[in-house]
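J.: I'm passing along input-v1.txt; it holds compact mmCIF, C-alpha atoms and all ligand atoms.
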```txt
# COMPACT_ATOMS: atom_id res chain seq x y z
CA MET A 1 9.69 -38.67 -26.73
CA GLU A 2 13.35 -39.09 -27.65
CA LYS A 3 14.45 -36.75 -30.44
CA HIS A 4 17.00 -37.82 -33.03
CA GLY A 5 19.54 -35.44 -34.49
CA LEU A 6 19.68 -34.70 -38.20
CA ASN A 7 22.49 -35.91 -40.41
CA LEU A 8 23.01 -33.44 -43.24
CA THR A 9 25.28 -32.71 -46.17
CA LEU A 10 26.16 -29.04 -46.50
CA LYS A 11 27.45 -27.65 -49.80
CA ILE A 12 28.89 -24.29 -48.80
CA TRP A 13 30.34 -21.57 -51.03
CA ARG A 14 33.94 -20.82 -50.02
CA GLN A 15 35.77 -17.84 -51.48
CA GLU A 16 38.86 -16.16 -50.10
CA ASN A 17 37.97 -12.67 -51.36
CA ALA A 18 36.33 -10.79 -54.24
CA LYS A 19 39.39 -11.25 -56.48
CA THR A 20 39.69 -15.04 -56.16
CA LYS A 21 37.43 -17.71 -57.61
CA GLY A 22 35.06 -19.48 -55.26
CA ALA A 23 33.62 -23.00 -55.20
CA PHE A 24 31.21 -25.19 -53.26
CA VAL A 25 32.85 -27.34 -50.59
CA THR A 26 31.05 -30.36 -49.11
CA TYR A 27 30.75 -30.69 -45.32
CA PRO A 28 28.87 -33.61 -43.76
CA ILE A 29 27.45 -32.78 -40.34
CA GLN A 30 25.85 -35.19 -37.87
CA ASN A 31 23.41 -35.18 -35.02
CA ILE A 32 22.04 -31.64 -35.41
CA SER A 33 19.17 -30.93 -33.03
CA PRO A 34 15.92 -30.06 -34.87
CA ASP A 35 15.44 -27.35 -32.23
CA CYS A 36 18.60 -25.40 -33.07
CA SER A 37 18.58 -22.52 -35.51
CA PHE A 38 20.23 -22.53 -38.93
CA LEU A 39 22.98 -20.22 -37.67
CA GLU A 40 23.56 -22.40 -34.59
CA MET A 41 24.02 -25.33 -36.95
CA LEU A 42 26.70 -23.32 -38.80
CA ASP A 43 28.28 -22.44 -35.42
CA GLN A 44 28.59 -26.16 -34.69
CA LEU A 45 30.17 -26.79 -38.07
CA ASN A 46 32.67 -23.98 -37.43
CA GLU A 47 33.59 -25.43 -34.02
CA GLN A 48 34.30 -28.75 -35.71
CA LEU A 49 36.43 -27.03 -38.38
CA VAL A 50 38.42 -25.10 -35.75
CA ASP A 51 39.02 -28.36 -33.83
CA LYS A 52 40.51 -29.81 -37.03
CA ILE A 53 42.68 -26.66 -37.50
CA GLU A 54 40.69 -25.74 -40.63
CA LYS A 55 39.46 -22.27 -41.54
CA PRO A 56 35.93 -21.59 -40.21
CA ILE A 57 33.23 -20.41 -42.61
CA CYS A 58 32.62 -16.65 -42.58
CA PHE A 59 28.96 -15.67 -42.40
CA ASP A 60 27.20 -12.50 -41.29
CA HIS A 61 24.93 -12.28 -38.25
CA ASP A 62 24.24 -9.97 -35.34
CA CYS A 63 20.90 -9.90 -33.49
CA ARG A 64 19.75 -13.44 -34.37
CA GLU A 65 16.21 -12.19 -33.71
CA GLY A 66 15.09 -11.07 -37.17
CA ILE A 67 15.81 -7.40 -36.46
CA CYS A 68 19.19 -6.35 -37.84
CA GLY A 69 19.08 -7.81 -41.36
CA MET A 70 22.66 -9.13 -41.21
CA CYS A 71 22.08 -12.86 -41.78
CA SER A 72 22.31 -12.69 -45.56
CA LEU A 73 22.32 -16.34 -46.61
CA TYR A 74 20.93 -17.85 -49.79
CA PHE A 75 20.17 -21.50 -49.40
CA ASN A 76 18.49 -24.14 -51.50
CA GLY A 77 18.00 -21.45 -54.13
CA ARG A 78 16.17 -18.90 -51.98
CA PRO A 79 17.29 -15.90 -49.94
CA HIS A 80 16.66 -16.65 -46.24
CA GLY A 81 15.79 -20.23 -47.22
CA ASN A 82 12.73 -22.37 -47.50
CA ASP A 83 10.30 -20.56 -45.22
CA THR A 84 8.44 -17.34 -45.95
CA GLY A 85 8.31 -14.18 -43.85
CA ILE A 86 11.36 -14.98 -41.72
CA THR A 87 15.08 -14.31 -41.75
CA THR A 88 17.79 -16.99 -41.82
CA CYS A 89 18.44 -16.55 -38.10
CA GLN A 90 14.79 -17.36 -37.30
CA LEU A 91 14.78 -20.59 -39.31
CA HIS A 92 15.00 -23.79 -37.27
CA MET A 93 16.51 -27.07 -38.35
CA ARG A 94 13.20 -28.88 -37.86
CA ARG A 95 12.30 -27.49 -41.30
CA PHE A 96 14.85 -29.86 -42.85
CA LYS A 97 14.70 -33.63 -43.33
CA ASP A 98 17.25 -36.14 -42.07
CA GLY A 99 19.72 -36.94 -44.87
CA GLU A 100 19.00 -33.68 -46.77
CA THR A 101 21.62 -31.81 -48.78
CA ILE A 102 21.59 -28.02 -48.24
CA TRP A 103 23.27 -25.65 -50.72
CA ILE A 104 24.41 -22.44 -49.00
CA GLU A 105 25.52 -19.38 -50.97
CA PRO A 106 26.12 -15.67 -50.39
CA TRP A 107 23.82 -12.96 -51.85
CA ARG A 108 24.82 -12.68 -55.49
CA SER A 109 24.55 -9.22 -56.98
CA LYS A 110 26.92 -6.81 -58.73
CA ALA A 111 26.17 -4.17 -56.10
CA PHE A 112 27.00 -6.58 -53.22
CA PRO A 113 30.60 -7.78 -53.84
CA ILE A 114 31.75 -10.83 -51.87
CA ILE A 115 34.09 -10.06 -48.96
CA LYS A 116 34.76 -13.67 -47.92
CA ASP A 117 32.83 -16.95 -48.11
CA LEU A 118 29.19 -16.05 -47.35
CA VAL A 119 29.81 -12.43 -46.35
CA VAL A 120 29.01 -9.69 -48.87
CA ASP A 121 29.55 -5.94 -48.78
CA ARG A 122 26.12 -4.30 -48.48
CA SER A 123 27.44 -0.78 -47.92
CA ALA A 124 25.63 0.22 -51.14
CA PHE A 125 22.44 0.23 -49.03
CA ASP A 126 24.09 2.57 -46.52
CA LYS A 127 24.97 4.94 -49.37
CA VAL A 128 21.34 4.99 -50.56
CA ILE A 129 20.24 5.86 -47.00
CA GLN A 130 22.92 8.55 -46.75
CA ALA A 131 21.51 10.09 -49.95
CA GLY A 132 18.13 10.79 -48.37
CA GLY A 133 16.84 8.26 -45.86
CA TYR A 134 16.55 10.78 -43.04
CA THR A 135 14.83 14.03 -42.06
CA SER A 136 17.11 17.02 -41.61
CA VAL A 137 14.45 19.35 -40.18
CA ASN A 138 14.85 20.11 -36.49
CA THR A 139 11.92 18.37 -34.84
CA GLY A 140 12.80 19.50 -31.31
CA GLY A 141 12.01 17.27 -28.35
CA ALA A 142 9.80 14.19 -28.55
CA PRO A 143 6.28 15.52 -29.21
CA ASP A 144 3.10 14.09 -27.76
CA GLY A 145 2.03 11.02 -29.76
CA ASN A 146 -1.23 12.66 -30.90
CA ALA A 147 0.13 16.20 -31.50
CA ILE A 148 0.04 15.79 -35.31
CA PRO A 149 -3.11 14.06 -36.57
CA ILE A 150 -2.23 11.30 -39.07
CA LYS A 151 -4.75 9.16 -40.94
CA LYS A 152 -4.80 5.67 -39.46
CA GLU A 153 -4.37 4.12 -42.92
CA ASN A 154 -1.24 6.22 -43.57
CA ALA A 155 0.19 5.51 -40.13
CA ASP A 156 -0.27 1.76 -40.70
CA LEU A 157 1.27 1.86 -44.20
CA ALA A 158 4.24 3.91 -42.94
CA MET A 159 4.76 1.43 -40.10
CA ASP A 160 4.62 -1.51 -42.53
CA ALA A 161 7.23 0.16 -44.79
CA ALA A 162 9.43 0.93 -41.78
CA ALA A 163 9.59 -2.81 -41.02
CA CYS A 164 12.25 -3.17 -43.77
CA ILE A 165 15.47 -4.31 -42.06
CA GLY A 166 17.77 -3.63 -45.03
CA CYS A 167 18.76 -7.28 -45.38
CA GLY A 168 19.14 -7.22 -49.18
CA ALA A 169 17.12 -10.38 -49.88
CA CYS A 170 15.04 -8.41 -52.39
CA VAL A 171 18.18 -7.62 -54.40
CA ALA A 172 19.45 -11.21 -54.16
CA ALA A 173 16.08 -12.58 -55.30
CA CYS A 174 15.76 -10.23 -58.29
CA LYS A 175 17.07 -11.41 -61.65
CA ASN A 176 17.93 -7.76 -62.39
CA GLY A 177 19.59 -7.14 -59.01
CA ALA A 178 17.11 -4.31 -58.42
CA ALA A 179 16.92 -2.56 -55.06
CA MET A 180 13.51 -1.00 -55.73
CA LEU A 181 11.71 -2.77 -52.86
CA PHE A 182 14.27 -1.63 -50.29
CA VAL A 183 14.48 1.96 -51.58
CA SER A 184 10.71 2.26 -51.97
CA ALA A 185 10.15 1.08 -48.39
CA LYS A 186 12.55 3.74 -47.15
CA VAL A 187 10.96 6.44 -49.35
CA SER A 188 7.45 5.37 -48.32
CA GLN A 189 7.99 5.43 -44.58
CA PHE A 190 8.69 9.17 -44.88
CA ALA A 191 6.41 10.06 -47.79
CA LEU A 192 3.33 8.85 -45.94
CA LEU A 193 3.87 11.08 -42.90
CA PRO A 194 3.65 14.89 -42.62
CA GLN A 195 7.14 15.08 -41.12
CA GLY A 196 8.54 13.34 -44.21
CA ARG A 197 6.69 15.52 -46.75
CA VAL A 198 8.97 18.52 -46.00
CA GLU A 199 11.90 17.03 -47.95
CA ALA A 200 9.97 14.44 -50.00
CA LYS A 201 10.97 15.76 -53.44
CA GLU A 202 14.71 15.92 -52.76
CA ARG A 203 14.65 12.62 -50.89
CA VAL A 204 13.15 10.49 -53.65
CA SER A 205 15.22 12.05 -56.41
CA ASN A 206 18.50 11.72 -54.44
CA MET A 207 17.85 8.15 -53.31
CA VAL A 208 16.83 6.93 -56.76
CA ARG A 209 19.86 8.63 -58.36
CA GLU A 210 22.18 6.99 -55.81
CA MET A 211 20.52 3.60 -56.34
CA ASP A 212 21.07 3.85 -60.11
CA GLN A 213 24.70 4.95 -59.73
CA LEU A 214 25.54 2.07 -57.40
CA GLY A 215 24.81 -0.54 -60.06
CA PHE A 216 21.44 -1.91 -58.95
CA GLY A 217 19.26 -3.09 -61.84
CA ASN A 218 15.81 -2.00 -62.93
CA CYS A 219 12.46 -3.39 -61.80
CA THR A 220 10.60 -5.52 -64.33
CA ASN A 221 7.73 -6.45 -61.99
CA THR A 222 8.57 -10.11 -61.45
CA LYS A 223 7.60 -9.71 -57.76
CA ALA A 224 10.44 -12.02 -56.67
CA CYS A 225 11.44 -9.35 -54.13
CA GLU A 226 8.00 -9.32 -52.51
CA ALA A 227 7.89 -13.14 -52.43
CA GLU A 228 11.23 -13.42 -50.61
CA CYS A 229 11.16 -10.37 -48.32
CA PRO A 230 11.31 -11.60 -44.70
CA LYS A 231 9.33 -8.55 -43.57
CA GLU A 232 6.68 -8.96 -46.28
CA ILE A 233 7.21 -5.47 -47.73
CA ARG A 234 4.70 -4.98 -50.55
CA ILE A 235 5.54 -3.87 -54.10
CA SER A 236 2.80 -1.24 -53.79
CA ASN A 237 5.65 0.72 -52.16
CA ILE A 238 7.45 0.65 -55.53
CA ALA A 239 4.38 2.18 -57.20
CA ARG A 240 4.34 4.88 -54.50
CA MET A 241 8.04 5.59 -55.03
CA ASN A 242 7.53 5.87 -58.79
CA ARG A 243 4.67 8.35 -58.26
CA GLU A 244 6.80 10.35 -55.83
CA TYR A 245 9.70 10.33 -58.31
CA LEU A 246 7.50 11.52 -61.19
CA LEU A 247 6.00 14.27 -59.01
CA SER A 248 9.46 15.39 -57.98
CA ALA A 249 10.70 15.46 -61.61
CA LEU A 250 7.64 17.44 -62.79
CA GLN A 251 7.96 20.02 -60.02
CA LYS A 252 11.64 20.82 -60.61
S1 LIG A 301 12.55 -4.81 -48.59
FE1 LIG A 301 12.53 -6.79 -47.49
S2 LIG A 301 14.07 -8.02 -48.54
FE2 LIG A 301 14.44 -5.91 -49.12
S3 LIG A 301 15.95 -5.13 -47.67
FE3 LIG A 301 13.93 -4.62 -46.81
S4 LIG A 301 13.44 -6.36 -45.49
FE4 LIG A 301 15.11 -7.08 -46.78
S1 LIG A 302 21.00 -11.91 -37.46
FE1 LIG A 302 19.78 -10.10 -37.26
S2 LIG A 302 18.12 -10.44 -38.62
FE2 LIG A 302 19.21 -12.33 -38.65
```
For the structure just supplied, provide its representation as structure tokens.
Ligand code: SF4
Ligand code: FES
T.:
Amino acid sequence: MEKHGLNLTLKIWRQENAKTKGAFVTYPIQNISPDCSFLEMLDQLNEQLVDKIEKPICFDHDCREGICGMCSLYFNGRPHGNDTGITTCQLHMRRFKDGETIWIEPWRSKAFPIIKDLVVDRSAFDKVIQAGGYTSVNTGGAPDGNAIPIKKENADLAMDAAACIGCGACVAACKNGAAMLFVSAKVSQFALLPQGRVEAKERVSNMVREMDQLGFGNCTNTKACEAECPKEIRISNIARMNREYLLSALQK
């Protein structure tokens, strides 16, 4: 059956840098294949802008496979768009209707300043990881998979927490700009495993302190982060992080 391309109106946030004011600019785009991805649609728009000697739109991306967490776009009022459990790069244009208007914005949060257009600086996440998202004990060579017995339930929960790709959608979705879902996933993936217990106290206290200093807000349990997380990280990780933090404070 013959497929017809989509004709869309894109309202895209353009901003030269963090010091200048930004605004939405309207771009009509025609004949977009329903089979192409959202980022491929933006690629096509950029090719058209370059052909007209206009500045292309800056947006972040890398793997385009839902792995790296770079494609930080907020569209139609939701981080990573209309679908649930997927990143922007995994969203296909068949999810949109012909004639639709799509509003595309960068992540908006004090801790993620805009670099240009749709690109924001998420190095605050790197700083949180540098504060404790690692193990510094020498673990030697790769051990046999079954050398350390780990409860199946804990192994599964640690694996689920480790699925966090550090995209920042949880922060963008939160009215407080809180990074609790991200930090708690990183704390949990270690706290649940014997290898991570060695430095558990220092890790949680250092990561939470760094998170607070970097300007992220506080959690007020709205669950917006959980609803928008493309990797479906659960807020039960936040409860675990809070318990770990309390334990660490009491044992000082
Ligand atoms: S918790 Fe989810 S939304 Fe937040 S950074 Fe990780 S993957 Fe992205
Ligand atoms: S570009 Fe890597 S997750 Fe989207």
J.: Need the shell around region 40-42 of chain A: protein/DNA/RNA residues with any atom at most 12 Å away, counting all atoms listed in the file. Skip same-chain ones fewer than 3 positions apart. Format as a ChimeraX atom specification?
T.: /A:5-12,27-37,45-49,56-61,64,71,73,88-94,96,102,104,118
J.: What does the structure give for the distance between CA of Gln251 (chain A) and CA of Lys127 (chain A), in Å to one decimal?
T.: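 A separation of 25.1 Å between them.
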J.: One number please: CA of Thr139 (chain A) to CA of Glu202 (chain A), in Å, one decimal.
T.: 18.3 Å
J.: Neighbours of ligand LIG 301 (chain A) within 6 Å, counting all atoms listed in the file, as an MDAnalysis selection string?
T.: chainID A and resid 164:170 181:182 229:231 233
J.: If you measure from CA of Asp62 (chain A) to atom S2 of ligand LIG 302 (chain A), what distance in Å do you get, rounded to one decimal?
T.: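 We find that CA of Asp62 (chain A) and atom S2 of ligand LIG 302 (chain A) lie 7.0 Å from each other.
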J.: Hey, what's within 8 Å of Met211 (chain A) if we count all atoms listed in the file and toss same-chain stuff fewer than 5 positions away? As a ChimeraX atom specification, please?
T.: /A:128,179,183,216
J.: Can you write out the residues you just picked, keeping C-alpha atoms, as a short mmCIF file (atom, residue, chain, number, x, y, z; two decimals), in the coordinates of the input?
T.:
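Saved the output as result-v3.cif:
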```cif
data_model
loop_
_atom_site.label_atom_id
_atom_site.label_comp_id
_atom_site.auth_asym_id
_atom_site.auth_seq_id
_atom_site.Cartn_x
_atom_site.Cartn_y
_atom_site.Cartn_z
CA VAL A 128 21.34 4.99 -50.56
CA ALA A 179 16.92 -2.56 -55.06
CA VAL A 183 14.48 1.96 -51.58
CA PHE A 216 21.44 -1.91 -58.95
#
```
J.: Around all of ligand LIG 302 (chain A)'s listed atoms, make the axis-aligned box with 8 Å on each side and tell me centre and edge lengths in Å to one decimal, as JSON.
T.:
```
{"center_x": 19.6, "center_y": -11.2, "center_z": -38.0, "size_x": 18.9, "size_y": 18.2, "size_z": 17.4}
```
J.: Report as a list of chain:residue names all protein, DNA and RNA residues lying within 8 Å of Pro79 (chain A), evaluated on all atoms listed in the file, omitting residues in the same chain fewer than 6 positions from it.
T.: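 Here the qualifying residues turn out to be A:Ser72, A:Leu73, A:Trp107, A:Ala169, A:Ala172, A:Ala173, A:Glu228.
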J.: Keeping C-alpha atoms, export the residues of the selection given above as an mmCIF file, keeping the file's coordinate frame.
T.:
```
data_model
loop_
_atom_site.group_PDB
_atom_site.id
_atom_site.type_symbol
_atom_site.label_atom_id
_atom_site.label_comp_id
_atom_site.auth_asym_id
_atom_site.auth_seq_id
_atom_site.Cartn_x
_atom_site.Cartn_y
_atom_site.Cartn_z
ATOM 1 C CA SER A 72 22.310 -12.690 -45.560
ATOM 2 C CA LEU A 73 22.320 -16.340 -46.610
ATOM 3 C CA TRP A 107 23.820 -12.960 -51.850
ATOM 4 C CA ALA A 169 17.120 -10.380 -49.880
ATOM 5 C CA ALA A 172 19.450 -11.210 -54.160
ATOM 6 C CA ALA A 173 16.080 -12.580 -55.300
ATOM 7 C CA GLU A 228 11.230 -13.420 -50.610
#
```
J.: Identify which of the residues A:Glu244, A:Asp126, A:Glu226, A:Glu105 lies closest to Leu214 (chain A), counting all atoms listed in the file when measuring atom-to-atom distances.
T.: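 Closest residue, counting all atoms listed in the file: A:Asp126.
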J.: Hey, which bits of region 35-132 of chain A sit within 10 Å of region 19-26 of chain A, and for each residue what's the closest pair of atoms and how far apart in Å (one decimal), counting only C-alpha atoms, rows by chain and increasing number, as a Markdown table?
T.:
```
| residue | atom | partner | partner_atom | distance |
| --- | --- | --- | --- | --- |
| A:Thr101 | CA | A:Thr26 | CA | 9.5 |
| A:Ile102 | CA | A:Thr26 | CA | 9.8 |
| A:Trp103 | CA | A:Phe24 | CA | 8.3 |
| A:Ile104 | CA | A:Phe24 | CA | 8.5 |
| A:Glu105 | CA | A:Phe24 | CA | 8.4 |
| A:Pro113 | CA | A:Lys19 | CA | 9.8 |
| A:Ile114 | CA | A:Lys19 | CA | 8.9 |
| A:Ile115 | CA | A:Lys19 | CA | 9.3 |
| A:Lys116 | CA | A:Gly22 | CA | 9.4 |
| A:Asp117 | CA | A:Gly22 | CA | 7.9 |
```
J.: Between A:Cys225, A:Ile86, A:Ile53, A:Ala178, which one has atoms that come closest to ligand LIG 302 (chain A), using only C-alpha atoms and all ligand atoms?
T.: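 Smallest distance to ligand LIG 302 (chain A) is found for A:Ile86.
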J.: Can you tell me, as a PyMOL selection string, what residues are no more than 10 Å from Met159 (chain A) when counting only C-alpha atoms, ignoring any on the same chain fewer than 6 positions away?
T.: chain A and resi 153+185+188-190+192
J.: With a distance cut-off of 12 Å and only C-alpha atoms, select the neighbouring residues of Asn176 (chain A), excluding the residue or stretch itself and same-chain residues fewer than 5 positions from it, and output the selection as a ChimeraX atom specification.
T.: /A:108-111,170-171,215-225
